[in-house]
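Scroll down for the structure; my scribbles are underneath it.
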Amino acid sequence: MSTAVVPTPGEEPIAGRSLWIDAWRTLRRNRAAVVSAVIIAVMAVLVIIGPFFSSYAYDFTDWGNLSVGPNLETGHIFGTDTLGRDLFVRTLFGGRISLMVGIVATLVSLLIGVSYGATAGYFGGRVDHFMMRLVDILYAMPFMFFVILLMVLFGRNIVLIFVAIGAINWLDMARIVRGQTLTLKHREFVEAAEAQGVSTFAIIRRHIVPNLLGVVAVYVTLTIPQVILVESFLSFLGLGVQEPMTSWGALVKEGAEEMESAAWMLFFPAVFLASTLFCFNFVGDGLRDALDPKDR
Amino acid sequence: MLRYSVRRLLGAIPTLLILIALAFFMIRVAPGGPFDSEKVLLPEIEANLRAAYHLDEPLYQQFGRYIGGLLHGDFGPSFQYRDYNVTELIMAGFPVSLRLGGLAMILALLVGVTAGSIAALRQNTRTDYTVMSVSMTGISIPNFVMAPILILFFAVYLGWLPAGGLGEGSPRNLILPVIALALPQIAYISRLTRGSMIEVLRSNFIRTAKAQGLPAWKILIRHALKPALLPVVSYLGPATAAIITGSVVIEQIFSLPGLGRFFVQGALNRDYTLVMGVVVFYGVLIILFNLLVDLAYAWLDPKVKYS
């Protein structure tokens, strides 16, 4: 790793590529992570194309089948809710929202966190001190309460959910990225780039950020389940997506209200939500083990 | 140590001010007001109401008034519960939340550290794998999913425990909520403990202790536990925040009259002063607790010196 790397633009350093190949090998040996990744992929495909194969719409009320259990004959394979809506389609639609929130809000936090952390770490000194002090202050805020407040005050719209959740999750990312940048900036290839007169911004973009990818990849896979969890928490309190749209959290809430008479309404969304979180956590753990230089 | 604490407390003042200002201005900028309701008030009446609550003053003056009140421990009047002020409501709700959260934290620490240590001692055995997969499941099942399932089994099907309410303060009523709140934390803490314990058990002083022929449990308790607990101690800050947030849904599900429930209801009813009071109160609590955690860390880790 420490051998000199030629900083030609557009050409990935050779050492970097072998790190990824190494990590890929380790990751493939981790059976739990591979199985989890496959399950996530299947889940994603299912929530995207699944609804097209069902004969019911997510907001269609089947008056003949109000609150019936899983039944193959009527085509309600997960049963229906108290309003006679098909739970299978609703679970998949809820999954679309939950996964979308997970990915988009993570991207928001990624964007803020990486640029903030890389800037603080690269400039160092007083800039770094000030920027990190701000992060410390924000860390002490009871953010969940602020998000709840935001949702109440400005109405429940989905863009706000993305922004609010993304905005609370960038702090960890910024810290990790800053720490990594601090160690990177004294490396030879950065010095070489500086000596050649490459602009600061170009150095951050071309040499610092690509080398942060390993840490960031791990962190992203661990942030997605966190974000899904936050969204379902909000939906559970009745502050997330609006009826008739739904998300896993909202479905769990409805299920919990009816669980004594209609346990399937709690069971299916809960299983979908928990297994998705479970798989993301496993993949994140696997990636961390694979990319952790300590284990090599 | 004392000097460090004082400096940390002083350093918390800007944090607190930002917290209060953020909450205060967010509420005031938002559309709608506390007197919006189905029936339209006469303009004179509304003007009088606004004057009574000092809402007619310029914002900065209201902010100053609010800060002044806080310094006297006064969170202002509640808009929704007209006969109470927010301080009274907080004092009514907090003991319930404290009992719930405190018990959950103790349970999480006891079970988490024990399970993590056992897994570390039996590293790469079936015991270890079992503990780790159970804890991964614990992390992945949110407490608002766990709570209804617990109610369904232990209250509805088996009828062993009450499904909700305080029940004249009987400890039986707290068993399910405490477990539901503690489970994710147990999972985190056991994973943390396992990781650091494995590292500590590899170190030289443990090998020396083993060479001297000390029994394994004695080595664990007397030598390994204290250094292995360091990451757990630094996790206590985030854990407290997580338990406080978690108790918002848990109190809702089990209908416990705690602060979290006040917060959600206050938010839904647009009871601004109540909502703000809870945010500020918990903010202060978290900041103080983080200070305590840092001091405990210094006490546990001789390498860290605060001056």
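If you're wondering about the labels, chains in the structure tokens are A, B, ... by order shown, residues count from 1 in each chain, ligands from 1 in order shown.
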Set out as JSON lines a contact list for chain B and chain A with a cut-off of 6 Å, giving each residue of chain B that qualifies its closest atom pair and distance in Å to one decimal, counting only C-alpha atoms, ordered by chain and rising residue number.
```
{"residue": "B:Thr15", "atom": "CA", "partner": "A:Ile137", "partner_atom": "CA", "distance": 5.3}
{"residue": "B:Ala30", "atom": "CA", "partner": "A:Leu153", "partner_atom": "CA", "distance": 5.6}
{"residue": "B:Ser140", "atom": "CA", "partner": "A:Phe278", "partner_atom": "CA", "distance": 4.9}
{"residue": "B:Ile141", "atom": "CA", "partner": "A:Ala274", "partner_atom": "CA", "distance": 5.2}
{"residue": "B:Pro148", "atom": "CA", "partner": "A:Ala256", "partner_atom": "CA", "distance": 5.8}
{"residue": "B:Gly283", "atom": "CA", "partner": "A:Pro142", "partner_atom": "CA", "distance": 5.9}
```
- Taking the chain letters and numbering used in this document, name the residues of segment 143-220 of chain A that DSSP puts in alpha helix (DSSP H), as a ChimeraX atom specification. /A:143-153,158-184,188-195,200-203,209-220
Hey, what's within 8 Å of segment 233-247 of chain B if we count only C-alpha atoms and toss same-chain stuff fewer than 2 positions away? As a short mmCIF file (atom, residue, chain, number, x, y, z; two decimals) with C-alpha atoms, in the first residue's frame, please?
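And here is the file that came out, selection22.cif:
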```cif
data_model
loop_
_atom_site.label_atom_id
_atom_site.label_comp_id
_atom_site.auth_asym_id
_atom_site.auth_seq_id
_atom_site.Cartn_x
_atom_site.Cartn_y
_atom_site.Cartn_z
CA PRO A 142 -31.92 14.94 20.57
CA MET A 144 -35.25 12.18 16.78
CA PHE A 145 -37.30 14.78 18.60
CA SER B 97 -39.97 7.54 31.90
CA LEU B 100 -38.79 2.64 32.48
CA GLY B 101 -35.56 3.86 30.90
CA ALA B 104 -34.11 -0.94 30.68
CA MET B 105 -30.55 0.44 30.82
CA ASN B 143 -38.65 -2.34 19.48
CA LEU B 181 -37.00 -1.27 25.34
CA ALA B 182 -33.87 -3.12 26.47
CA GLN B 185 -29.53 -2.35 23.54
CA LEU B 229 -15.85 -2.34 29.42
CA LEU B 230 -14.31 0.85 28.00
CA PRO B 231 -16.12 0.74 24.62
CA VAL B 249 -42.96 4.49 21.08
CA ILE B 250 -42.85 2.07 23.99
CA GLU B 251 -44.85 4.43 26.20
CA GLY B 260 -42.44 10.40 25.53
CA ILE B 286 -28.30 14.02 27.45
CA PHE B 289 -25.16 12.37 31.00
CA ASN B 290 -22.46 12.60 28.34
CA VAL B 293 -19.86 9.18 30.88
CA ASP B 294 -16.64 11.02 30.05
CA ALA B 296 -16.46 7.55 34.23
CA TYR B 297 -14.26 6.82 31.24
#
```
- Query: With only C-alpha atoms as the basis for distance, which of A:Val218, A:Ala250, A:Val190, A:Ala290 is at the shortest distance from Val145 of chain B?
  - Reply: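 Among the listed residues, A:Ala250 lies closest to Val145 of chain B.
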- Message: If we count only C-alpha atoms and set the cut-off at 7 Å, which residues sit around segment 39-55 of chain A, ignoring sequence neighbours fewer than 5 positions away in its own chain? Please answer as a PyMOL selection string.
- Response: chain A and resi 89+92-93+95-96+276+279
- Message: Need the shell around segment 122-127 of chain A: protein/DNA/RNA residues with any atom at most 8 Å away, counting only C-alpha atoms. Skip same-chain ones fewer than 2 positions apart. Format as a PyMOL selection string?
- Response: chain A and resi 118-120+129-131+178+181-182+185+204
- Message: Using only C-alpha atoms for the distances, tell me which of A:Gly79, A:Pro70, A:Gly94, A:Gly284 is nearest to Leu222 of chain A.
- Response: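 Closest to Leu222 of chain A of all the choices is A:Gly284.
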- Item | Within 10 Å of Pro257 of chain B using only C-alpha atoms, minus same-chain residues under 2 positions, as an MDAnalysis selection string | chainID B and resid 92:97 165:166 251:252 254:255 259:262
- Residue neighbourhood Ile20 of chain B, 9 Å, only C-alpha atoms, exclusion window fewer than 6 positions, as a list in words: Ile67, Met276, Val279, Val280 and Gly283 of chain B
